[in-house]
>>> print(open('entry39.json').read())   # JSON, C-alpha atoms
[["chain", "number", "residue", "atom", "x", "y", "z"],
["A", 1, "MET", "CA", 130.68, 74.51, 129.41],
["A", 2, "HIS", "CA", 133.02, 73.76, 126.50],
["A", 3, "SER", "CA", 131.76, 72.97, 123.03],
["A", 4, "ARG", "CA", 132.47, 69.28, 122.52],
["A", 5, "ARG", "CA", 131.51, 68.56, 118.94],
["A", 6, "ALA", "CA", 134.66, 66.47, 118.45],
["A", 7, "LEU", "CA", 136.42, 64.71, 121.33],
["A", 8, "LEU", "CA", 139.78, 63.36, 120.16],
["A", 9, "TYR", "CA", 141.49, 60.55, 122.10],
["A", 10, "VAL", "CA", 145.28, 60.37, 122.10],
["A", 11, "PRO", "CA", 147.49, 57.83, 123.90],
["A", 12, "GLY", "CA", 148.70, 59.47, 127.09],
["A", 13, "ASP", "CA", 152.15, 57.90, 126.85],
["A", 14, "ASP", "CA", 152.92, 59.44, 123.43],
["A", 15, "ARG", "CA", 154.14, 63.03, 123.80],
["A", 16, "HIS", "CA", 154.50, 63.44, 120.02],
["A", 17, "LYS", "CA", 150.82, 62.57, 119.43],
["A", 18, "ILE", "CA", 149.74, 64.87, 122.25],
["A", 19, "GLU", "CA", 151.68, 67.77, 120.70],
["A", 20, "LYS", "CA", 150.31, 66.95, 117.26],
["A", 21, "ALA", "CA", 146.74, 66.93, 118.61],
["A", 22, "ALA", "CA", 147.30, 70.25, 120.40],
["A", 23, "ALA", "CA", 148.15, 71.86, 117.05],
["A", 24, "LEU", "CA", 144.80, 70.82, 115.55],
["A", 25, "THR", "CA", 141.58, 72.83, 115.68],
["A", 26, "VAL", "CA", 139.72, 70.20, 117.69],
["A", 27, "ASP", "CA", 137.22, 71.00, 120.43],
["A", 28, "CYS", "CA", 138.69, 68.78, 123.11],
["A", 29, "ILE", "CA", 141.67, 66.46, 123.51],
["A", 30, "CYS", "CA", 141.43, 63.50, 125.84],
["A", 31, "MET", "CA", 144.83, 62.16, 126.90],
["A", 32, "ASP", "CA", 144.20, 58.52, 127.65],
["A", 33, "MET", "CA", 145.50, 56.31, 130.43],
["A", 34, "GLU", "CA", 142.98, 53.53, 129.81],
["A", 35, "ASP", "CA", 142.34, 51.52, 126.62],
["A", 36, "GLY", "CA", 144.77, 53.50, 124.49],
["A", 37, "VAL", "CA", 147.76, 52.60, 126.69],
["A", 38, "ALA", "CA", 149.37, 49.19, 127.23],
["A", 39, "ALA", "CA", 149.22, 47.79, 130.76],
["A", 40, "THR", "CA", 153.01, 48.08, 131.05],
["A", 41, "ARG", "CA", 152.94, 51.76, 130.02],
["A", 42, "LYS", "CA", 150.49, 53.20, 132.56],
["A", 43, "PRO", "CA", 153.20, 54.94, 134.67],
["A", 44, "GLN", "CA", 154.70, 56.54, 131.55],
["A", 45, "ALA", "CA", 151.26, 57.81, 130.53],
["A", 46, "ARG", "CA", 150.70, 59.45, 133.93],
["A", 47, "THR", "CA", 154.05, 61.23, 133.74],
["A", 48, "ALA", "CA", 153.63, 62.30, 130.12],
["A", 49, "ILE", "CA", 150.14, 63.72, 130.69],
["A", 50, "ALA", "CA", 151.26, 65.64, 133.78],
["A", 51, "LYS", "CA", 154.14, 67.20, 131.82],
["A", 52, "ALA", "CA", 151.94, 67.96, 128.82],
["A", 53, "LEU", "CA", 149.41, 69.79, 131.00],
["A", 54, "ASP", "CA", 152.24, 72.02, 132.24],
["A", 55, "GLU", "CA", 154.22, 72.45, 129.03],
["A", 56, "VAL", "CA", 152.04, 72.09, 125.92],
["A", 57, "ASP", "CA", 149.99, 74.96, 124.48],
["A", 58, "PHE", "CA", 146.59, 73.42, 123.70],
["A", 59, "GLY", "CA", 145.19, 76.67, 122.30],
["A", 60, "GLN", "CA", 141.39, 76.70, 122.54],
["A", 61, "SER", "CA", 141.13, 72.90, 122.92],
["A", 62, "GLU", "CA", 139.76, 71.54, 126.18],
["A", 63, "ARG", "CA", 142.32, 69.40, 128.05],
["A", 64, "LEU", "CA", 140.90, 66.15, 129.37],
["A", 65, "ALA", "CA", 142.53, 63.11, 130.98],
["A", 66, "ARG", "CA", 140.91, 59.67, 130.99],
["A", 67, "ILE", "CA", 141.74, 57.53, 134.00],
["A", 68, "ASN", "CA", 141.39, 53.77, 134.31],
["A", 69, "GLY", "CA", 138.08, 52.50, 135.63],
["A", 70, "VAL", "CA", 137.09, 52.85, 139.26],
["A", 71, "GLY", "CA", 137.89, 49.45, 140.75],
["A", 72, "SER", "CA", 140.77, 48.74, 138.37],
["A", 73, "GLY", "CA", 143.35, 49.39, 141.07],
["A", 74, "MET", "CA", 144.95, 52.11, 138.94],
["A", 75, "GLU", "CA", 142.39, 54.88, 139.25],
["A", 76, "LYS", "CA", 143.79, 56.56, 142.39],
["A", 77, "ASP", "CA", 147.35, 56.75, 141.01],
["A", 78, "ASP", "CA", 145.95, 58.10, 137.74],
["A", 79, "LEU", "CA", 144.07, 60.90, 139.48],
["A", 80, "SER", "CA", 146.91, 61.70, 141.89],
["A", 81, "SER", "CA", 149.29, 62.10, 138.96],
["A", 82, "VAL", "CA", 147.23, 64.50, 136.83],
["A", 83, "LEU", "CA", 145.09, 66.52, 139.27],
["A", 84, "PRO", "CA", 147.96, 68.76, 140.51],
["A", 85, "HIS", "CA", 148.35, 69.98, 136.92],
["A", 86, "HIS", "CA", 144.71, 71.14, 136.63],
["A", 87, "PRO", "CA", 143.19, 69.44, 133.60],
["A", 88, "ASP", "CA", 139.90, 70.95, 132.47],
["A", 89, "GLY", "CA", 138.16, 67.65, 133.06],
["A", 90, "ILE", "CA", 138.50, 64.01, 134.03],
["A", 91, "VAL", "CA", 136.93, 61.26, 131.92],
["A", 92, "ILE", "CA", 135.91, 58.16, 133.88],
["A", 93, "PRO", "CA", 135.38, 55.00, 131.81],
["A", 94, "LYS", "CA", 133.00, 52.08, 132.33],
["A", 95, "ILE", "CA", 131.01, 53.93, 134.95],
["A", 96, "GLU", "CA", 128.29, 51.82, 136.58],
["A", 97, "GLU", "CA", 127.26, 53.43, 139.86],
["A", 98, "LEU", "CA", 126.80, 56.91, 141.28],
["A", 99, "LYS", "CA", 129.17, 56.13, 144.16],
["A", 100, "GLN", "CA", 132.03, 55.79, 141.64],
["A", 101, "VAL", "CA", 131.41, 59.37, 140.51],
["A", 102, "GLN", "CA", 131.19, 60.55, 144.13],
["A", 103, "TRP", "CA", 134.56, 58.94, 144.93],
["A", 104, "ALA", "CA", 136.28, 60.76, 142.07],
["A", 105, "SER", "CA", 134.53, 64.05, 142.81],
["A", 106, "GLU", "CA", 135.74, 64.02, 146.42],
["A", 107, "LEU", "CA", 139.36, 63.62, 145.31],
["A", 108, "ILE", "CA", 138.95, 66.36, 142.72],
["A", 109, "GLU", "CA", 137.37, 68.72, 145.25],
["A", 110, "ALA", "CA", 140.21, 68.06, 147.69],
["A", 111, "ALA", "CA", 142.72, 69.03, 144.96],
["A", 112, "GLU", "CA", 140.77, 72.21, 144.19],
["A", 113, "LEU", "CA", 140.71, 73.23, 147.87],
["A", 114, "ARG", "CA", 144.38, 72.32, 148.38],
["A", 115, "ASN", "CA", 145.48, 74.45, 145.42],
["A", 116, "GLY", "CA", 143.08, 77.35, 145.90],
["A", 117, "TRP", "CA", 141.28, 76.69, 142.63],
["A", 118, "PRO", "CA", 137.58, 77.50, 142.16],
["A", 119, "LEU", "CA", 135.31, 74.66, 143.22],
["A", 120, "ASN", "CA", 133.97, 72.67, 140.26],
["A", 121, "SER", "CA", 136.66, 74.10, 137.97],
["A", 122, "ILE", "CA", 137.62, 70.50, 137.07],
["A", 123, "ARG", "CA", 134.62, 68.82, 135.52],
["A", 124, "ILE", "CA", 133.77, 65.14, 135.10],
["A", 125, "LEU", "CA", 132.74, 63.38, 131.90],
["A", 126, "LEU", "CA", 131.52, 59.78, 132.09],
["A", 127, "ASP", "CA", 131.88, 56.90, 129.66],
["A", 128, "VAL", "CA", 128.64, 54.89, 129.87],
["A", 129, "GLU", "CA", 129.46, 51.66, 128.06],
["A", 130, "THR", "CA", 128.25, 48.65, 130.06],
["A", 131, "PRO", "CA", 124.79, 47.12, 130.57],
["A", 132, "LYS", "CA", 124.86, 48.03, 134.27],
["A", 133, "GLY", "CA", 125.89, 51.57, 133.39],
["A", 134, "ILE", "CA", 122.95, 51.91, 131.01],
["A", 135, "LEU", "CA", 120.53, 50.58, 133.63],
["A", 136, "ASN", "CA", 121.85, 53.02, 136.27],
["A", 137, "VAL", "CA", 122.48, 56.07, 134.07],
["A", 138, "LYS", "CA", 119.43, 58.00, 135.31],
["A", 139, "ASP", "CA", 120.97, 58.06, 138.81],
["A", 140, "ILE", "CA", 124.57, 58.45, 137.65],
["A", 141, "ALA", "CA", 123.68, 61.53, 135.59],
["A", 142, "SER", "CA", 122.43, 63.42, 138.66],
["A", 143, "HIS", "CA", 125.88, 64.28, 140.04],
["A", 144, "PRO", "CA", 126.45, 68.09, 140.05],
["A", 145, "ARG", "CA", 130.08, 67.93, 138.84],
["A", 146, "LEU", "CA", 129.14, 66.27, 135.57],
["A", 147, "ASP", "CA", 129.35, 68.04, 132.23],
["A", 148, "ALA", "CA", 128.78, 65.19, 129.77],
["A", 149, "LEU", "CA", 127.82, 61.57, 129.21],
["A", 150, "ILE", "CA", 129.81, 59.66, 126.59],
["A", 151, "PHE", "CA", 128.36, 56.55, 124.99],
["A", 152, "GLY", "CA", 130.84, 53.71, 124.38],
["A", 153, "GLY", "CA", 129.27, 51.72, 121.57],
["A", 154, "GLU", "CA", 131.94, 49.10, 121.00],
["A", 155, "ASP", "CA", 132.28, 48.12, 124.66],
["A", 156, "PHE", "CA", 128.51, 47.99, 125.05],
["A", 157, "ALA", "CA", 128.04, 45.82, 121.95],
["A", 158, "ALA", "CA", 130.77, 43.46, 123.17],
["A", 159, "ALA", "CA", 129.12, 43.16, 126.58],
["A", 160, "LEU", "CA", 125.83, 42.19, 124.93],
["A", 161, "GLY", "CA", 127.42, 39.87, 122.40],
["A", 162, "ALA", "CA", 125.73, 41.99, 119.72],
["A", 163, "THR", "CA", 126.80, 41.96, 116.09],
["A", 164, "ARG", "CA", 127.78, 45.46, 114.99],
["A", 165, "THR", "CA", 126.01, 46.69, 111.87],
["A", 166, "PRO", "CA", 126.57, 49.82, 109.74],
["A", 167, "ASP", "CA", 123.33, 51.45, 110.90],
["A", 168, "ALA", "CA", 123.99, 50.50, 114.56],
["A", 169, "VAL", "CA", 120.37, 49.51, 115.17],
["A", 170, "GLU", "CA", 121.61, 47.15, 117.89],
["A", 171, "LEU", "CA", 122.80, 50.20, 119.88],
["A", 172, "LEU", "CA", 119.81, 52.49, 119.41],
["A", 173, "TYR", "CA", 118.15, 51.76, 122.77],
["A", 174, "ALA", "CA", 121.35, 52.40, 124.71],
["A", 175, "ARG", "CA", 122.17, 55.57, 122.74],
["A", 176, "GLN", "CA", 118.73, 57.00, 123.40],
["A", 177, "THR", "CA", 118.91, 56.02, 127.07],
["A", 178, "VAL", "CA", 122.15, 58.00, 127.45],
["A", 179, "LEU", "CA", 120.62, 60.91, 125.52],
["A", 180, "THR", "CA", 117.53, 60.97, 127.70],
["A", 181, "ALA", "CA", 119.54, 61.00, 130.93],
["A", 182, "ALA", "CA", 121.80, 63.76, 129.59],
["A", 183, "ALA", "CA", 118.82, 65.89, 128.54],
["A", 184, "ALA", "CA", 117.14, 65.39, 131.92],
["A", 185, "TYR", "CA", 120.14, 66.86, 133.75],
["A", 186, "GLY", "CA", 121.29, 69.46, 131.20],
["A", 187, "LEU", "CA", 124.43, 67.53, 130.21],
["A", 188, "GLN", "CA", 126.15, 67.22, 126.86],
["A", 189, "ALA", "CA", 125.76, 63.83, 125.19],
["A", 190, "ILE", "CA", 128.72, 62.56, 123.17],
["A", 191, "ASP", "CA", 128.17, 59.77, 120.68],
["A", 192, "MET", "CA", 130.21, 56.63, 119.94],
["A", 193, "VAL", "CA", 133.45, 56.27, 117.99],
["A", 194, "ALA", "CA", 133.49, 55.29, 114.32],
["A", 195, "ILE", "CA", 136.40, 52.85, 114.45],
["A", 196, "ASP", "CA", 137.05, 52.73, 110.67],
["A", 197, "PHE", "CA", 138.72, 56.13, 110.47],
["A", 198, "ARG", "CA", 139.40, 55.77, 106.73],
["A", 199, "ASP", "CA", 135.71, 55.57, 105.74],
["A", 200, "LEU", "CA", 134.82, 59.25, 106.05],
["A", 201, "GLU", "CA", 131.53, 58.93, 104.15],
["A", 202, "ALA", "CA", 130.28, 56.34, 106.63],
["A", 203, "LEU", "CA", 131.45, 58.65, 109.41],
["A", 204, "ARG", "CA", 129.47, 61.56, 107.96],
["A", 205, "ARG", "CA", 126.32, 59.44, 107.83],
["A", 206, "GLU", "CA", 126.80, 58.12, 111.36],
["A", 207, "ALA", "CA", 127.58, 61.59, 112.76],
["A", 208, "ALA", "CA", 124.58, 63.16, 111.00],
["A", 209, "PHE", "CA", 122.32, 60.44, 112.42],
["A", 210, "GLY", "CA", 123.73, 60.98, 115.92],
["A", 211, "ALA", "CA", 123.22, 64.73, 115.64],
["A", 212, "GLY", "CA", 119.65, 64.08, 114.52],
["A", 213, "LEU", "CA", 119.04, 61.91, 117.58],
["A", 214, "GLY", "CA", 120.13, 64.80, 119.79],
["A", 215, "PHE", "CA", 123.80, 64.13, 120.56],
["A", 216, "THR", "CA", 125.91, 67.27, 120.88],
["A", 217, "GLY", "CA", 129.20, 65.72, 119.77],
["A", 218, "LYS", "CA", 131.10, 62.57, 118.89],
["A", 219, "GLN", "CA", 134.26, 60.76, 119.96],
["A", 220, "ILE", "CA", 137.04, 60.50, 117.38],
["A", 221, "ILE", "CA", 140.34, 58.63, 117.16],
["A", 222, "HIS", "CA", 142.02, 60.19, 114.12],
["A", 223, "PRO", "CA", 142.62, 63.78, 112.91],
["A", 224, "ALA", "CA", 140.88, 63.00, 109.60],
["A", 225, "GLN", "CA", 137.64, 62.59, 111.54],
["A", 226, "ILE", "CA", 137.65, 66.14, 112.95],
["A", 227, "GLU", "CA", 136.11, 68.03, 110.03],
["A", 228, "PRO", "CA", 133.28, 65.57, 109.23],
["A", 229, "VAL", "CA", 132.27, 65.41, 112.89],
["A", 230, "GLN", "CA", 132.48, 69.13, 113.55],
["A", 231, "SER", "CA", 130.41, 69.79, 110.43],
["A", 232, "ALA", "CA", 127.73, 67.29, 111.47],
["A", 233, "PHE", "CA", 127.34, 68.88, 114.91],
["A", 234, "THR", "CA", 127.39, 72.50, 113.74],
["A", 235, "PRO", "CA", 124.05, 73.94, 112.60],
["A", 236, "THR", "CA", 123.98, 75.14, 108.99],
["A", 237, "VAL", "CA", 123.54, 78.82, 108.16],
["A", 238, "GLU", "CA", 120.05, 78.01, 106.90],
["A", 239, "ALA", "CA", 119.12, 76.16, 110.11],
["A", 240, "ILE", "CA", 120.36, 79.07, 112.23],
["A", 241, "ALA", "CA", 118.39, 81.60, 110.18],
["A", 242, "GLU", "CA", 115.21, 79.51, 110.47],
["A", 243, "ALA", "CA", 115.71, 79.08, 114.23],
["A", 244, "ARG", "CA", 116.11, 82.85, 114.64],
["A", 245, "ARG", "CA", 112.86, 83.44, 112.76],
["A", 246, "VAL", "CA", 111.06, 81.01, 115.08],
["A", 247, "VAL", "CA", 112.51, 82.55, 118.26],
["A", 248, "ASP", "CA", 111.89, 86.13, 117.06],
["A", 249, "GLY", "CA", 108.33, 85.21, 116.09],
["A", 250, "PHE", "CA", 107.75, 83.66, 119.50],
["A", 251, "GLU", "CA", 109.04, 86.74, 121.31],
["A", 252, "ALA", "CA", 106.79, 89.00, 119.21],
["A", 253, "SER", "CA", 103.83, 86.71, 119.86],
["A", 254, "GLN", "CA", 104.51, 86.78, 123.61],
["A", 255, "HIS", "CA", 104.75, 90.57, 123.54],
["A", 256, "GLU", "CA", 101.29, 90.67, 121.96],
["A", 257, "GLY", "CA", 99.93, 88.36, 124.63],
["A", 258, "LYS", "CA", 99.52, 85.39, 122.30],
["A", 259, "GLY", "CA", 100.65, 81.78, 122.67],
["A", 260, "ALA", "CA", 101.12, 79.71, 119.55],
["A", 261, "PHE", "CA", 101.62, 81.64, 116.30],
["A", 262, "ALA", "CA", 101.74, 80.96, 112.56],
["A", 263, "LEU", "CA", 104.95, 81.09, 110.51],
["A", 264, "ASP", "CA", 105.01, 80.22, 106.82],
["A", 265, "GLY", "CA", 101.68, 78.46, 107.15],
["A", 266, "LYS", "CA", 102.80, 76.33, 110.12],
["A", 267, "MET", "CA", 101.60, 76.55, 113.69],
["A", 268, "ILE", "CA", 104.56, 77.18, 116.02],
["A", 269, "ASP", "CA", 104.20, 76.17, 119.68],
["A", 270, "MET", "CA", 106.58, 75.69, 122.60],
["A", 271, "PRO", "CA", 108.22, 72.38, 121.56],
["A", 272, "LEU", "CA", 109.25, 73.94, 118.24],
["A", 273, "VAL", "CA", 110.46, 77.10, 119.99],
["A", 274, "LYS", "CA", 112.59, 75.06, 122.40],
["A", 275, "ASN", "CA", 114.09, 73.12, 119.50],
["A", 276, "ALA", "CA", 114.95, 76.40, 117.76],
["A", 277, "GLN", "CA", 116.56, 77.71, 120.95],
["A", 278, "LYS", "CA", 118.73, 74.58, 121.10],
["A", 279, "VAL", "CA", 119.88, 75.17, 117.52],
["A", 280, "LEU", "CA", 120.97, 78.70, 118.47],
["A", 281, "GLU", "CA", 122.73, 77.40, 121.60],
["A", 282, "ARG", "CA", 124.72, 74.94, 119.49],
["A", 283, "ALA", "CA", 125.60, 77.68, 117.03],
["A", 284, "ARG", "CA", 126.92, 79.90, 119.83],
["A", 285, "ALA", "CA", 128.90, 76.99, 121.30],
["A", 286, "ALA", "CA", 130.49, 76.46, 117.89],
["A", 287, "GLY", "CA", 131.53, 80.12, 117.78],
["A", 288, "MET", "CA", 129.01, 81.13, 115.13],
["A", 289, "PRO", "CA", 127.41, 84.59, 115.33]]
>>> encode(input="entry39.json", output="structure tokens")
Amino acid sequence: MHSRRALLYVPGDDRHKIEKAAALTVDCICMDMEDGVAATRKPQARTAIAKALDEVDFGQSERLARINGVGSGMEKDDLSSVLPHHPDGIVIPKIEELKQVQWASELIEAAELRNGWPLNSIRILLDVETPKGILNVKDIASHPRLDALIFGGEDFAAALGATRTPDAVELLYARQTVLTAAAAYGLQAIDMVAIDFRDLEALRREAAFGAGLGFTGKQIIHPAQIEPVQSAFTPTVEAIAEARRVVDGFEASQHEGKGAFALDGKMIDMPLVKNAQKVLERARAAGMP
């Protein structure tokens, strides 16, 4: 599973922006056919993404393509255009029911079989951004081809008629619902976009809060957002060292036939050990020793 601390969206019909994104040190690049592309430019986006998958060197960045929503009338053409070029993953927006995921997975599996690619080599990431999607996310998240759930804050707030605030308290229930479903099925959870890409201090605060909730990454829309987001979702050297002490202490305690153990005057039990193990997992995913 790729590290997805920062997921950068680029308009799929703009080859220059795709090439510019590919030159950045960003975890994953999502070439968009949905909201980032005008209705009259959908065919151009399909063609441009297909060519980019064949021709552009994305380095270590994951190559994703976001289709239009299932039921939009465009989704089948979107998939048919990009699947022969083997993206690493397909992002499906405005997901609301498990059967929508199953439909896409069947087409993806057919492409894998047709081309002799390993099964499940093309993963699915889901945008959960509607009230119905939030209500159904515990079922949606069960599909075996999924790698991540992505929370769409702006779409969800608009659907509710909610007023957006800097601390996003109006979105907390939905964010935690997505997080809980992701954790239940071992999926990555990717937090909402900060749409004011010039306010990097606000972005740092929002990203740090999301990381504290348990998100593993965040969507971004501008290169300036890469560093603040990657920093927020990468454990500090101090946090990694502390996590190693907890895990090492646990292993020594287990070897001695003990359960909970004391470390620096604190009692360490399984919930704290599991949290420390997650810190080390995130560090490894970020390429840290």
>>> closest_residue(input="entry39.json", among="A:Trp103, A:Arg198, A:Pro144, A:Gln44", to="A:Leu119", atoms="only C-alpha atoms")
A:Pro144
>>> residues_around(input="entry39.json", residues="A:Arg5", least_positions_apart="3", cutoff="7 Å", atoms="all atoms listed in the file", output="PDB file with C-alpha atoms, in the coordinates of the input")
ATOM      1  CA  ASP A  27     137.220  71.000 120.430  1.00  0.00           C
ATOM      2  CA  THR A 216     125.910  67.270 120.880  1.00  0.00           C
ATOM      3  CA  GLY A 217     129.200  65.720 119.770  1.00  0.00           C
ATOM      4  CA  LYS A 218     131.100  62.570 118.890  1.00  0.00           C
ATOM      5  CA  VAL A 229     132.270  65.410 112.890  1.00  0.00           C
ATOM      6  CA  GLN A 230     132.480  69.130 113.550  1.00  0.00           C
ATOM      7  CA  PHE A 233     127.340  68.880 114.910  1.00  0.00           C
TER       8      PHE A 233
END
>>> closest_residue(input="entry39.json", among="A:Leu98, A:Leu280, A:Pro223, A:Pro84", to="A:Ile240", atoms="only C-alpha atoms")
A:Leu280
>>> atom_distance(input="entry39.json", atom1="atom CA of A:Ser3", atom2="atom CA of A:Ala285")
5.2 Å
>>> closest_residue(input="entry39.json", among="A:Pro87, A:Lys20, A:Tyr185, A:Leu126", to="A:Val70", atoms="all atoms listed in the file")
A:Leu126
>>> atom_distance(input="entry39.json", atom1="atom CA of A:Ala189", atom2="atom CA of A:Tyr9")
16.4 Å
>>> build_atoms(input="entry39.json", residues="stretch 151-169 of chain A", atoms="N, CA, C and O atoms", output="PDB file, in the frame of the given file")
ATOM      1  N   PHE A 151     128.817  57.911 125.229  1.00  0.00           N
ATOM      2  CA  PHE A 151     128.360  56.550 124.990  1.00  0.00           C
ATOM      3  C   PHE A 151     129.458  55.737 124.314  1.00  0.00           C
ATOM      4  O   PHE A 151     129.965  56.108 123.254  1.00  0.00           O
ATOM      5  N   GLY A 152     129.824  54.611 124.940  1.00  0.00           N
ATOM      6  CA  GLY A 152     130.840  53.710 124.380  1.00  0.00           C
ATOM      7  C   GLY A 152     130.196  52.558 123.644  1.00  0.00           C
ATOM      8  O   GLY A 152     129.852  51.536 124.258  1.00  0.00           O
ATOM      9  N   GLY A 153     130.005  52.695 122.354  1.00  0.00           N
ATOM     10  CA  GLY A 153     129.270  51.720 121.570  1.00  0.00           C
ATOM     11  C   GLY A 153     129.941  50.364 121.445  1.00  0.00           C
ATOM     12  O   GLY A 153     129.286  49.315 121.551  1.00  0.00           O
ATOM     13  N   GLU A 154     131.259  50.369 121.230  1.00  0.00           N
ATOM     14  CA  GLU A 154     131.940  49.100 121.000  1.00  0.00           C
ATOM     15  C   GLU A 154     131.972  48.248 122.265  1.00  0.00           C
ATOM     16  O   GLU A 154     131.731  47.036 122.221  1.00  0.00           O
ATOM     17  N   ASP A 155     132.266  48.862 123.397  1.00  0.00           N
ATOM     18  CA  ASP A 155     132.280  48.120 124.660  1.00  0.00           C
ATOM     19  C   ASP A 155     130.889  47.586 124.982  1.00  0.00           C
ATOM     20  O   ASP A 155     130.737  46.451 125.450  1.00  0.00           O
ATOM     21  N   PHE A 156     129.865  48.416 124.732  1.00  0.00           N
ATOM     22  CA  PHE A 156     128.510  47.990 125.050  1.00  0.00           C
ATOM     23  C   PHE A 156     128.079  46.818 124.153  1.00  0.00           C
ATOM     24  O   PHE A 156     127.507  45.837 124.640  1.00  0.00           O
ATOM     25  N   ALA A 157     128.390  46.904 122.869  1.00  0.00           N
ATOM     26  CA  ALA A 157     128.040  45.820 121.950  1.00  0.00           C
ATOM     27  C   ALA A 157     128.745  44.525 122.354  1.00  0.00           C
ATOM     28  O   ALA A 157     128.150  43.437 122.326  1.00  0.00           O
ATOM     29  N   ALA A 158     130.011  44.645 122.745  1.00  0.00           N
ATOM     30  CA  ALA A 158     130.770  43.460 123.170  1.00  0.00           C
ATOM     31  C   ALA A 158     130.157  42.833 124.417  1.00  0.00           C
ATOM     32  O   ALA A 158     130.071  41.606 124.540  1.00  0.00           O
ATOM     33  N   ALA A 159     129.713  43.682 125.348  1.00  0.00           N
ATOM     34  CA  ALA A 159     129.120  43.160 126.580  1.00  0.00           C
ATOM     35  C   ALA A 159     127.817  42.412 126.288  1.00  0.00           C
ATOM     36  O   ALA A 159     127.485  41.438 126.974  1.00  0.00           O
ATOM     37  N   LEU A 160     127.080  42.859 125.298  1.00  0.00           N
ATOM     38  CA  LEU A 160     125.830  42.190 124.930  1.00  0.00           C
ATOM     39  C   LEU A 160     126.064  40.943 124.088  1.00  0.00           C
ATOM     40  O   LEU A 160     125.194  40.078 124.011  1.00  0.00           O
ATOM     41  N   GLY A 161     127.221  40.898 123.408  1.00  0.00           N
ATOM     42  CA  GLY A 161     127.420  39.870 122.400  1.00  0.00           C
ATOM     43  C   GLY A 161     126.701  40.223 121.114  1.00  0.00           C
ATOM     44  O   GLY A 161     126.363  39.346 120.308  1.00  0.00           O
ATOM     45  N   ALA A 162     126.458  41.528 120.903  1.00  0.00           N
ATOM     46  CA  ALA A 162     125.730  41.990 119.720  1.00  0.00           C
ATOM     47  C   ALA A 162     126.649  42.043 118.506  1.00  0.00           C
ATOM     48  O   ALA A 162     127.846  42.315 118.624  1.00  0.00           O
ATOM     49  N   THR A 163     126.078  41.796 117.350  1.00  0.00           N
ATOM     50  CA  THR A 163     126.800  41.960 116.090  1.00  0.00           C
ATOM     51  C   THR A 163     126.668  43.401 115.635  1.00  0.00           C
ATOM     52  O   THR A 163     125.557  43.919 115.495  1.00  0.00           O
ATOM     53  N   ARG A 164     127.811  44.064 115.425  1.00  0.00           N
ATOM     54  CA  ARG A 164     127.780  45.460 114.990  1.00  0.00           C
ATOM     55  C   ARG A 164     127.374  45.550 113.526  1.00  0.00           C
ATOM     56  O   ARG A 164     127.840  44.795 112.682  1.00  0.00           O
ATOM     57  N   THR A 165     126.478  46.474 113.226  1.00  0.00           N
ATOM     58  CA  THR A 165     126.010  46.690 111.870  1.00  0.00           C
ATOM     59  C   THR A 165     126.248  48.144 111.477  1.00  0.00           C
ATOM     60  O   THR A 165     126.407  49.007 112.355  1.00  0.00           O
ATOM     61  N   PRO A 166     126.287  48.447 110.163  1.00  0.00           N
ATOM     62  CA  PRO A 166     126.570  49.820 109.740  1.00  0.00           C
ATOM     63  C   PRO A 166     125.577  50.853 110.275  1.00  0.00           C
ATOM     64  O   PRO A 166     125.968  51.982 110.589  1.00  0.00           O
ATOM     65  N   ASP A 167     124.296  50.475 110.406  1.00  0.00           N
ATOM     66  CA  ASP A 167     123.330  51.450 110.900  1.00  0.00           C
ATOM     67  C   ASP A 167     123.181  51.433 112.422  1.00  0.00           C
ATOM     68  O   ASP A 167     122.429  52.223 112.995  1.00  0.00           O
ATOM     69  N   ALA A 168     123.915  50.538 113.096  1.00  0.00           N
ATOM     70  CA  ALA A 168     123.990  50.500 114.560  1.00  0.00           C
ATOM     71  C   ALA A 168     122.624  50.369 115.224  1.00  0.00           C
ATOM     72  O   ALA A 168     122.412  50.858 116.334  1.00  0.00           O
ATOM     73  N   VAL A 169     121.697  49.663 114.570  1.00  0.00           N
ATOM     74  CA  VAL A 169     120.370  49.510 115.170  1.00  0.00           C
ATOM     75  C   VAL A 169     120.438  48.765 116.498  1.00  0.00           C
ATOM     76  O   VAL A 169     119.628  48.997 117.400  1.00  0.00           O
TER      77      VAL A 169
END
